[in-house]
$ cat data_18.txt   # compact mmCIF, C-alpha atoms
# COMPACT_ATOMS: atom_id res chain seq x y z
CA MET P 1 75.93 157.84 114.14
CA THR P 2 73.58 158.07 111.17
CA ARG P 3 75.23 158.60 107.81
CA THR P 4 73.57 158.99 104.46
CA PRO P 5 74.02 156.21 101.93
CA ASP P 6 75.65 157.40 98.76
CA HIS P 7 73.55 155.38 96.33
CA PRO P 8 70.56 157.13 94.69
CA ASP P 9 68.28 154.15 95.40
CA ALA P 10 69.16 154.02 99.06
CA ASP P 11 66.62 156.51 100.41
CA PRO P 12 63.24 154.83 99.98
CA SER P 13 59.96 156.28 101.12
CA PRO P 14 59.09 155.53 104.77
CA ALA P 15 56.39 153.07 103.70
CA ALA P 16 58.70 150.93 101.56
CA PRO P 17 59.49 147.53 103.09
CA THR P 18 63.22 148.19 102.79
CA SER P 19 62.84 151.01 105.33
CA LEU P 20 60.90 148.90 107.82
CA SER P 21 62.18 146.90 110.75
CA ALA P 22 61.29 143.24 111.10
CA GLU P 23 58.76 144.15 113.79
CA GLU P 24 57.13 146.74 111.53
CA ILE P 25 56.94 144.34 108.61
CA ALA P 26 55.31 141.71 110.81
CA SER P 27 52.81 144.20 112.17
CA ALA P 28 51.89 145.36 108.67
CA VAL P 29 51.51 141.80 107.37
CA ARG P 30 49.40 140.78 110.38
CA SER P 31 47.12 143.79 109.83
CA ARG P 32 47.10 143.03 106.07
CA THR P 33 48.47 146.46 105.26
CA LEU P 34 51.23 144.58 103.44
CA ARG P 35 51.29 141.11 101.95
CA ALA P 36 54.17 138.82 102.77
CA VAL P 37 54.46 137.94 99.08
CA ASP P 38 55.06 141.59 98.18
CA VAL P 39 57.55 142.13 101.01
CA VAL P 40 59.55 139.07 99.99
CA ALA P 41 59.40 139.97 96.29
CA GLU P 42 60.88 143.37 97.05
CA ALA P 43 63.63 141.80 99.15
CA LEU P 44 64.48 139.44 96.29
CA ASP P 45 64.59 142.39 93.91
CA ARG P 46 66.98 144.26 96.20
CA ILE P 47 69.22 141.21 96.42
CA GLU P 48 69.22 140.77 92.64
CA ARG P 49 70.31 144.38 92.13
CA ALA P 50 72.84 144.68 94.96
CA ASP P 51 74.39 141.25 95.37
CA PRO P 52 76.57 141.29 92.22
CA VAL P 53 78.55 144.00 94.03
CA LEU P 54 78.22 142.91 97.65
CA SER P 55 78.32 139.12 97.19
CA ALA P 56 76.46 138.61 100.46
CA PHE P 57 74.70 135.40 99.39
CA ILE P 58 75.88 131.98 98.29
CA GLY P 59 72.39 130.99 97.24
CA VAL P 60 69.04 132.74 96.73
CA TRP P 61 65.84 130.72 96.94
CA ALA P 62 63.45 132.99 95.05
CA GLU P 63 60.81 130.47 93.99
CA ASP P 64 60.69 128.73 97.35
CA ALA P 65 60.66 132.04 99.23
CA LEU P 66 57.69 133.36 97.27
CA ARG P 67 55.83 130.10 97.84
CA ARG P 68 56.50 130.25 101.57
CA ALA P 69 55.46 133.91 101.67
CA GLY P 70 52.14 132.90 100.12
CA GLU P 71 51.75 130.31 102.88
CA VAL P 72 52.37 133.01 105.48
CA ASP P 73 49.66 135.20 103.93
CA ALA P 74 47.29 132.23 104.05
CA ARG P 75 48.11 131.59 107.70
CA VAL P 76 47.45 135.25 108.53
CA GLU P 77 44.20 135.16 106.56
CA ALA P 78 43.16 132.13 108.60
CA GLY P 79 43.59 134.11 111.80
CA GLU P 80 46.95 132.79 112.93
CA ARG P 81 48.93 135.45 114.80
CA LEU P 82 52.53 135.14 113.71
CA PRO P 83 55.04 137.25 115.68
CA LEU P 84 57.36 137.66 112.65
CA ALA P 85 54.86 137.34 109.82
CA GLY P 86 56.37 137.93 106.39
CA VAL P 87 59.82 138.99 107.56
CA PRO P 88 62.44 138.12 104.89
CA ILE P 89 65.59 136.75 106.47
CA GLY P 90 68.98 135.48 105.43
CA VAL P 91 70.33 132.33 107.04
CA LYS P 92 74.03 131.77 107.58
CA GLY P 93 75.55 129.28 105.19
CA ARG P 94 74.05 126.36 103.33
CA ARG P 95 73.02 124.63 106.56
CA GLY P 96 71.44 127.71 108.11
CA LEU P 97 67.90 126.49 107.68
CA GLY P 98 68.63 123.77 110.21
CA THR P 99 68.71 126.28 113.07
CA ALA P 100 66.06 128.68 111.74
CA GLY P 101 63.05 126.46 112.39
CA PRO P 102 61.50 128.57 115.17
CA LEU P 103 61.87 131.71 113.05
CA LEU P 104 60.16 130.10 110.07
CA GLU P 105 57.36 128.84 112.29
CA ALA P 106 56.97 132.41 113.59
CA GLY P 107 56.38 133.62 110.03
CA CYS P 108 59.83 134.50 108.73
CA VAL P 109 60.64 133.68 105.12
CA ALA P 110 64.20 132.58 104.32
CA VAL P 111 65.24 134.19 101.03
CA GLY P 112 68.73 132.72 100.80
CA ALA P 113 71.92 131.43 102.37
CA THR P 114 74.42 134.13 103.30
CA SER P 115 78.13 133.92 102.59
CA VAL P 116 80.72 132.41 104.90
CA PRO P 117 84.51 132.12 104.57
CA GLY P 118 85.71 130.07 101.65
CA PRO P 119 88.39 127.40 101.59
CA GLY P 120 92.12 127.92 101.52
CA THR P 121 92.74 130.16 104.52
CA VAL P 122 92.81 129.77 108.27
CA TRP P 123 91.45 133.26 108.90
CA GLN P 124 87.70 133.54 109.17
CA THR P 125 87.08 137.30 109.01
CA TRP P 126 85.87 137.34 105.42
CA GLY P 127 83.24 135.78 103.20
CA LEU P 128 82.98 134.20 99.77
CA GLY P 129 79.65 134.62 98.01
CA ARG P 130 78.36 133.58 94.64
CA HIS P 131 79.87 136.64 92.96
CA GLY P 132 83.26 136.55 94.69
CA PRO P 133 84.61 137.91 97.99
CA THR P 134 82.00 139.52 100.20
CA VAL P 135 82.69 143.24 100.55
CA ASN P 136 82.13 145.59 103.45
CA PRO P 137 79.20 147.84 102.45
CA TRP P 138 80.99 150.89 103.90
CA ARG P 139 84.26 150.31 102.05
CA HIS P 140 84.44 147.72 99.35
CA ASP P 141 88.18 147.31 99.76
CA ARG P 142 87.63 146.01 103.31
CA THR P 143 86.13 142.77 104.56
CA PRO P 144 82.90 142.67 106.54
CA GLY P 145 84.33 140.35 109.18
CA GLY P 146 83.22 136.82 109.74
CA SER P 147 82.38 134.18 109.80
CA SER P 148 78.79 135.53 109.60
CA ALA P 149 80.02 137.78 106.81
CA GLY P 150 77.12 137.71 104.39
CA SER P 151 74.53 137.99 107.15
CA ALA P 152 76.09 141.22 108.40
CA VAL P 153 76.33 142.68 104.89
CA ALA P 154 72.79 141.70 103.93
CA VAL P 155 71.46 143.45 107.04
CA ALA P 156 73.74 146.51 106.82
CA ALA P 157 72.86 147.05 103.16
CA GLY P 158 69.12 146.81 103.80
CA LEU P 159 68.60 143.63 101.79
CA VAL P 160 66.90 141.92 104.75
CA PRO P 161 66.13 143.27 108.23
CA LEU P 162 67.36 140.17 110.06
CA ALA P 163 69.86 137.41 109.38
CA THR P 164 71.03 134.51 111.46
CA GLY P 165 74.58 133.78 112.50
CA ASN P 166 76.53 131.71 114.94
CA ASP P 167 79.37 132.77 117.14
CA GLY P 168 82.23 130.56 118.23
CA ALA P 169 84.87 133.26 118.75
CA GLY P 170 83.18 136.49 117.69
CA SER P 171 81.62 135.38 114.40
CA VAL P 172 78.45 137.41 114.99
CA ARG P 173 79.90 140.32 116.97
CA ILE P 174 82.90 141.12 114.76
CA PRO P 175 80.97 141.45 111.47
CA ALA P 176 78.26 143.37 113.35
CA ALA P 177 80.91 145.83 114.54
CA TRP P 178 82.63 146.21 111.17
CA CYS P 179 79.35 146.58 109.26
CA GLY P 180 77.65 148.89 111.75
CA VAL P 181 74.75 146.66 112.82
CA VAL P 182 73.55 144.94 115.98
CA GLY P 183 74.93 141.47 116.71
CA LEU P 184 73.69 139.33 119.61
CA LYS P 185 75.56 136.25 120.86
CA VAL P 186 73.36 134.37 123.29
CA GLY P 187 74.80 132.71 126.37
CA ASN P 188 76.23 129.21 126.04
CA GLY P 189 73.60 126.54 126.63
CA ARG P 190 70.66 128.89 126.17
CA LEU P 191 69.82 127.63 122.67
CA PRO P 192 70.65 124.32 121.00
CA SER P 193 74.07 123.98 119.41
CA SER P 194 75.74 121.04 117.72
CA ASP P 195 79.27 122.27 118.38
CA ARG P 196 81.24 119.54 120.15
CA THR P 197 83.33 122.08 122.07
CA GLY P 198 80.38 124.10 123.38
CA LEU P 199 82.01 127.31 122.13
CA MET P 200 79.74 127.94 119.13
CA VAL P 201 76.33 129.38 119.94
CA PRO P 202 73.51 130.88 117.85
CA GLY P 203 73.16 134.58 117.26
CA VAL P 204 71.46 137.18 115.11
CA LEU P 205 72.31 140.34 113.16
CA THR P 206 69.79 143.16 112.79
CA ARG P 207 69.62 146.87 112.13
CA ARG P 208 67.26 147.47 115.05
CA VAL P 209 67.58 146.30 118.63
CA GLY P 210 63.85 145.57 118.74
CA ASP P 211 64.35 143.01 115.98
CA ALA P 212 67.12 141.29 117.93
CA ALA P 213 64.76 141.21 120.91
CA ALA P 214 62.04 139.69 118.73
CA TYR P 215 64.51 137.01 117.59
CA TRP P 216 65.39 136.23 121.20
CA ARG P 217 61.74 135.96 122.24
CA VAL P 218 60.96 133.51 119.46
CA MET P 219 64.10 131.42 119.87
CA SER P 220 64.08 131.28 123.67
CA ASP P 221 60.40 130.38 123.74
CA ASN P 222 61.24 127.38 121.56
CA ALA P 223 64.46 126.39 123.31
CA THR P 224 64.60 122.88 124.72
CA THR P 225 67.85 123.32 126.62
CA ALA P 226 68.31 123.97 130.32
CA GLY P 227 67.74 127.31 132.00
CA PRO P 228 69.92 130.40 132.47
CA GLY P 229 73.62 129.74 132.54
CA ALA P 230 73.31 126.10 131.56
CA GLY P 231 76.38 124.92 129.76
CA SER P 232 78.20 128.18 130.47
CA GLY P 233 81.56 128.96 131.91
CA SER P 234 84.14 126.36 132.76
CA GLY P 235 81.46 123.75 133.27
CA SER P 236 80.49 123.88 129.60
CA ARG P 237 82.05 121.05 127.69
CA THR P 238 79.16 119.81 125.57
CA GLY P 239 82.53 155.52 105.93
CA SER P 240 80.33 157.85 103.96
CA GLY P 241 77.59 155.36 103.96
CA PRO P 242 77.10 151.81 102.87
CA ARG P 243 77.61 151.52 99.14
CA THR P 244 74.86 149.02 98.63
CA GLY P 245 73.74 149.34 95.07
CA SER P 246 70.20 149.41 96.42
CA GLY P 247 69.95 149.01 100.17
CA SER P 248 69.69 151.56 102.92
CA ARG P 249 70.20 152.26 106.56
CA ALA P 250 66.61 153.01 107.22
CA GLY P 251 65.01 155.30 109.77
CA SER P 252 63.73 153.70 112.92
CA GLY P 253 60.00 153.77 112.28
CA SER P 254 57.20 153.66 114.82
CA MET P 255 57.46 150.20 116.33
CA SER P 256 61.23 150.15 116.63
CA ALA P 257 61.08 153.66 118.05
CA SER P 258 58.58 152.49 120.63
CA VAL P 259 60.85 149.62 121.64
CA THR P 260 63.76 152.03 122.04
CA ALA P 261 61.61 154.52 123.93
CA SER P 262 60.29 151.88 126.32
CA ALA P 263 63.81 150.63 127.02
CA SER P 264 64.99 154.17 127.73
CA ALA P 265 61.98 154.84 129.93
CA SER P 266 62.45 151.61 131.86
CA ILE P 267 66.03 152.48 132.68
CA SER P 268 65.50 156.18 133.36
CA THR P 269 62.46 155.74 135.60
CA SER P 270 63.73 152.78 137.58
CA GLY P 271 66.08 155.01 139.55
CA ASP P 272 68.62 152.22 139.36
CA ARG P 273 70.59 152.51 136.16
CA PRO P 274 72.56 149.36 135.32
CA THR P 275 76.14 149.68 136.48
CA ALA P 276 78.87 149.08 133.92
CA VAL P 277 82.63 148.71 133.91
CA TRP P 278 84.69 149.90 130.95
CA SER P 279 87.71 147.90 129.86
CA PRO P 280 89.62 148.85 126.72
CA ASP P 281 91.68 145.66 126.59
CA LEU P 282 90.39 143.05 129.10
CA GLY P 283 93.77 143.34 130.76
CA PHE P 284 95.81 141.55 128.12
CA ASP P 285 95.27 142.96 124.60
CA SER P 286 96.59 146.08 122.81
CA PRO P 287 93.71 147.36 120.67
CA ASP P 288 94.19 150.21 118.22
CA PRO P 289 93.89 153.60 119.98
CA ASP P 290 91.46 154.93 117.36
CA VAL P 291 89.10 151.99 117.94
CA VAL P 292 89.32 152.39 121.71
CA ALA P 293 88.60 156.11 121.46
CA VAL P 294 85.40 155.64 119.43
CA ALA P 295 84.07 152.86 121.65
CA HIS P 296 84.96 154.70 124.86
CA THR P 297 83.26 157.87 123.65
CA ALA P 298 80.10 155.85 122.99
CA ALA P 299 80.26 154.38 126.49
CA LEU P 300 80.61 157.85 127.99
CA ARG P 301 77.67 159.13 125.95
CA LEU P 302 75.50 156.31 127.25
CA ALA P 303 76.47 157.15 130.80
CA GLU P 304 75.80 160.86 130.26
CA ALA P 305 72.39 160.02 128.78
CA GLY P 306 71.44 157.90 131.78
CA ALA P 307 71.36 154.56 129.95
CA LEU P 308 73.90 153.12 132.39
CA ARG P 309 76.22 154.16 135.20
CA LEU P 310 79.95 153.69 134.73
CA THR P 311 81.77 152.45 137.82
CA ARG P 312 85.24 151.27 138.68
CA PRO P 313 85.67 147.69 139.87
CA ARG P 314 87.28 147.04 143.22
CA THR P 315 89.98 145.13 141.36
CA PRO P 316 90.88 146.05 137.76
CA LEU P 317 89.77 143.33 135.35
CA ARG P 318 92.74 141.40 134.05
CA LEU P 319 91.79 138.26 132.17
CA HIS P 320 94.21 135.71 130.87
CA ASP P 321 94.55 135.77 127.09
CA PRO P 322 92.03 133.10 126.02
CA ALA P 323 93.84 132.28 122.78
CA PRO P 324 95.76 129.20 124.01
CA ALA P 325 92.66 127.65 125.58
CA TRP P 326 90.37 128.42 122.66
CA LEU P 327 92.83 127.13 120.07
CA ALA P 328 93.47 123.97 122.06
CA LEU P 329 89.75 123.21 122.31
CA ARG P 330 89.23 123.74 118.59
CA THR P 331 92.12 121.51 117.55
CA PRO P 332 90.61 118.31 116.07
CA GLY P 333 91.15 115.37 118.35
CA ALA P 334 92.43 117.49 121.22
CA GLY P 335 90.72 117.56 124.56
CA PRO P 336 90.87 119.95 127.51
CA THR P 337 94.44 120.28 128.75
CA PRO P 338 95.71 121.57 132.09
CA ASP P 339 96.37 124.91 130.37
CA VAL P 340 92.77 125.06 129.16
CA HIS P 341 91.45 124.34 132.65
CA ARG P 342 93.79 126.90 134.21
CA ILE P 343 92.83 129.72 131.84
CA ARG P 344 89.11 129.02 132.02
CA ALA P 345 89.06 128.66 135.78
CA ALA P 346 91.01 131.87 136.30
CA ASN P 347 88.90 133.88 133.88
CA ASP P 348 85.64 132.45 135.19
CA SER P 349 86.62 133.43 138.71
CA ARG P 350 87.56 136.98 137.69
CA LEU P 351 84.40 137.48 135.66
CA ALA P 352 82.26 136.13 138.51
CA ALA P 353 83.91 138.63 140.84
CA LEU P 354 83.31 141.43 138.35
CA PHE P 355 79.64 140.62 137.85
CA SER P 356 79.09 140.33 141.58
CA GLY P 357 79.66 144.08 141.71
CA THR P 358 78.39 145.33 138.35
CA ARG P 359 75.83 144.31 135.75
CA LEU P 360 77.66 145.07 132.51
CA LEU P 361 81.14 144.98 131.03
CA LEU P 362 81.85 147.33 128.11
CA THR P 363 84.71 146.90 125.64
CA PRO P 364 85.46 147.64 122.01
CA THR P 365 84.08 144.74 120.00
CA ALA P 366 87.09 144.25 117.75
CA PRO P 367 90.60 145.52 118.50
CA THR P 368 91.20 146.68 114.93
CA PRO P 369 89.32 148.26 112.05
CA PRO P 370 88.23 146.03 109.16
CA HIS P 371 91.21 144.66 107.28
CA GLY P 372 91.63 144.35 103.53
CA HIS P 373 90.79 141.29 101.47
CA GLU P 374 94.41 140.14 101.66
CA GLY P 375 93.92 139.08 105.29
CA PRO P 376 94.30 140.28 108.87
CA GLY P 377 98.05 139.95 109.24
CA GLU P 378 99.26 138.86 112.66
CA ARG P 379 96.42 140.39 114.68
CA TYR P 380 93.62 138.34 116.18
CA SER P 381 90.36 140.13 115.41
CA THR P 382 88.81 137.87 118.06
CA ALA P 383 91.00 139.17 120.89
CA LEU P 384 88.14 140.91 122.74
CA THR P 385 85.32 138.49 121.90
CA TRP P 386 86.40 134.89 122.32
CA ALA P 387 86.91 135.12 126.07
CA PHE P 388 83.11 135.12 126.34
CA ASN P 389 82.74 132.04 124.17
CA LEU P 390 84.98 130.28 126.68
CA SER P 391 83.14 131.70 129.69
CA GLY P 392 79.67 131.38 128.15
CA HIS P 393 78.49 134.92 128.91
CA PRO P 394 75.95 136.58 126.58
CA ALA P 395 77.25 139.58 124.65
CA ILE P 396 76.02 142.07 122.09
CA SER P 397 77.81 144.44 119.71
CA ILE P 398 76.14 147.75 118.93
CA PRO P 399 77.34 150.51 116.59
CA ALA P 400 79.51 153.03 118.44
CA GLY P 401 80.57 155.39 115.65
CA PHE P 402 83.12 155.55 112.88
CA GLY P 403 86.88 155.28 112.80
CA PRO P 404 89.24 157.49 110.78
CA ASP P 405 88.99 155.01 107.89
CA GLY P 406 85.25 155.66 107.57
CA CYS P 407 84.31 152.17 108.78
CA PRO P 408 82.04 151.47 111.74
CA VAL P 409 83.33 150.63 115.21
CA GLY P 410 81.42 148.41 117.61
CA LEU P 411 80.83 148.67 121.35
CA GLN P 412 80.55 145.27 123.06
CA LEU P 413 78.25 144.82 126.06
CA VAL P 414 78.70 141.67 128.14
CA ALA P 415 76.37 140.59 130.95
CA ALA P 416 76.16 137.85 133.55
CA HIS P 417 74.85 134.42 132.61
CA GLY P 418 71.18 134.48 131.71
CA GLU P 419 71.03 138.26 131.25
CA GLU P 420 70.22 138.51 127.53
CA ALA P 421 67.17 140.63 128.39
CA LEU P 422 69.37 143.16 130.17
CA LEU P 423 71.68 143.40 127.16
CA LEU P 424 68.74 144.04 124.87
CA GLU P 425 67.22 146.60 127.23
CA VAL P 426 70.42 148.62 127.49
CA ALA P 427 71.11 148.26 123.76
CA GLY P 428 67.60 149.56 123.08
CA ALA P 429 68.30 152.58 125.24
CA ALA P 430 71.63 153.05 123.45
CA GLU P 431 69.86 153.06 120.11
CA GLY P 432 67.93 156.11 121.26
CA HIS P 433 71.13 157.97 122.16
CA LEU P 434 73.66 156.75 119.59
CA GLY P 435 71.32 155.89 116.70
CA PRO P 436 69.30 155.53 114.64
CA TRP P 437 71.62 152.96 113.13

$ encode --input "data_18.txt" --output "structure tokens"
Amino acid sequence: MTRTPDHPDADPSPAAPTSLSAEEIASAVRSRTLRAVDVVAEALDRIERADPVLSAFIGVWAEDALRRAGEVDARVEAGERLPLAGVPIGVKGRRGLGTAGPLLEAGCVAVGATSVPGPGTVWQTWGLGRHGPTVNPWRHDRTPGGSSAGSAVAVAAGLVPLATGNDGAGSVRIPAAWCGVVGLKVGNGRLPSSDRTGLMVPGVLTRRVGDAAAYWRVMSDNATTAGPGAGSGSGSRTGSGPRTGSGSRAGSGSMSASVTASASASISTSGDRPTAVWSPDLGFDSPDPDVVAVAHTAALRLAEAGALRLTRPRTPLRLHDPAPAWLALRTPGAGPTPDVHRIRAANDSRLAALFSGTRLLLTPTAPTPPHGHEGPGERYSTALTWAFNLSGHPAISIPAGFGPDGCPVGLQLVAAHGEEALLLEVAGAAEGHLGPW
């Protein structure tokens, strides 16, 4: 699904940091082929040139970022092996540094806080940066999705290779889908979260699956919460190309290519391709036919390429619409009601039955294309994502292709509790067949 950016500065040489994945940057900084200070300085320059148009950031920390990059170079010089040495990242919102500690310890350098929705509206599928509304890098008259709006745009436009997010109803996966990047929502309880409802969990947005996997390795190694599935399910109560102004959708490069190749090889040589069930609507929604067609075509291509094996469940998946339960839980002062318990219990039971017979569930990520800056109308962009915030399953959105409006469409992969590694493995194989992204 590669498309060529239409900005003259958006096709850098292969050695330029803007064309490198987070893994490649870290490898180059560890080997001293690149200095973290230079990598971060170039990222800051890209942000300075592109952000007046994109408005992906609410704050840029240039002086502090360069100082921290110098500290990373000193740590590398002293022999410390940092898994993400010198990788410039965006963190979601003004409080994003609070959840990025393991990434910073691993050598990442936070260059700024990415935009989130502003005040005055109940809809969250937009962003407000320091220069105004955050725009979708593929079509500036459309929103990037939210609430991790700026993180998705910063990654899609090539300003940083990795940005953090959090996902309470689809806030990582929806902007990933609409901006054409990878968005991982980890399973509930797998990483620390301060959300009183237990619905909001950490996540990450990247251009390369290998970078999302690197994020997961660092974060899960530092997690202090319980093991797989803890806090999950009903028991959890705790178009032409991005118009960036300077960024790019870079080629995959050697390390990311090796990650993709190893994932493909693992699946193809195992003789046991992961089984997957396709559902266009989870049994209750009415997504746009054009969106369904793009996502379904991507699912078929993955099956044809041997990345997975599509099967039919013994019983068609028909979930209850999670909207009443989700909205009730998020209402201030409200607690779980009989309706909440009924919906969660029914959906948990049906998903458990599904995953007893298959390893993956595939759906479109969002039921609609990106909407304009005037708002989403009466449609819930979260219709196909928030069921898995209620159930606690891990999920990832990967680019599936483009809709008739020229904007990206996402394919959502959902796995059983504790199966983040499977999601990343299959997404890595998909990158080899649908990408480079």

$ atom_distance --input "data_18.txt" --atom1 "atom CA of P:Asp285" --atom2 "atom CA of P:Ala299"
19.0 Å

$ atom_distance --input "data_18.txt" --atom1 "atom CA of P:Ala169" --atom2 "atom CA of P:Thr382"
6.1 Å

$ residues_around --input "data_18.txt" --residues "P:Thr337" --least-positions-apart "6" --cutoff "10 Å" --atoms "only C-alpha atoms" --output "list of chain:residue names"
P:Ala325, P:Ala328, P:Leu329

$ residues_around --input "data_18.txt" --residues "P:Val204" --least-positions-apart "6" --cutoff "10 Å" --atoms "only C-alpha atoms" --output "PyMOL selection string"
chain P and resi 91-92+148+151-152+162-167+172-173+176+182-186+211-213+215-216+396

$ residues_near_point --input "data_18.txt" --point "(86.3, 127.6, 122.1)" --cutoff "10 Å" --atoms "all atoms listed in the file" --output "NGL selection string"
:P and (167-169 or 195-200 or 237 or 322-331 or 340 or 386-392)

$ closest_residue --input "data_18.txt" --among "P:Gly187, P:Gly107, P:Gly432, P:Pro52" --to "P:Arg130" --atoms "all atoms listed in the file"
P:Pro52

$ atom_distance --input "data_18.txt" --atom1 "atom CA of P:Leu361" --atom2 "atom CA of P:Ala276"
5.5 Å

$ closest_residue --input "data_18.txt" --among "P:Val409, P:Ala22, P:Ile174, P:Ala113" --to "P:Ala395" --atoms "only C-alpha atoms"
P:Ile174

$ closest_residue --input "data_18.txt" --among "P:Asp348, P:Pro316, P:Leu308, P:Pro408" --to "P:Ala295" --atoms "all atoms listed in the file"
P:Pro408

$ closest_residue --input "data_18.txt" --among "P:Arg75, P:Arg208, P:Arg342, P:Arg67" --to "P:Ala110" --atoms "all atoms listed in the file"
P:Arg67

$ closest_residue --input "data_18.txt" --among "P:Ser194, P:Thr315, P:Ser381, P:Ser279" --to "P:Ser147" --atoms "only C-alpha atoms"
P:Ser381

$ residues_around --input "data_18.txt" --residues "stretch 120-126 of chain P" --least-positions-apart "2" --cutoff "12 Å" --atoms "all atoms listed in the file" --output "number ranges by chain"
P: 55-56, 115-118, 128-129, 132-136, 141-153, 167-179, 366, 368-382

$ closest_residue --input "data_18.txt" --among "P:Ser286, P:Thr99, P:Thr206, P:Asp281" --to "P:Ser193" --atoms "all atoms listed in the file"
P:Thr99

$ residues_around --input "data_18.txt" --residues "P:Val111" --least-positions-apart "4" --cutoff "6 Å" --atoms "only C-alpha atoms" --output "list of chain:residue names"
P:Val60, P:Trp61, P:Ala65, P:Gly90
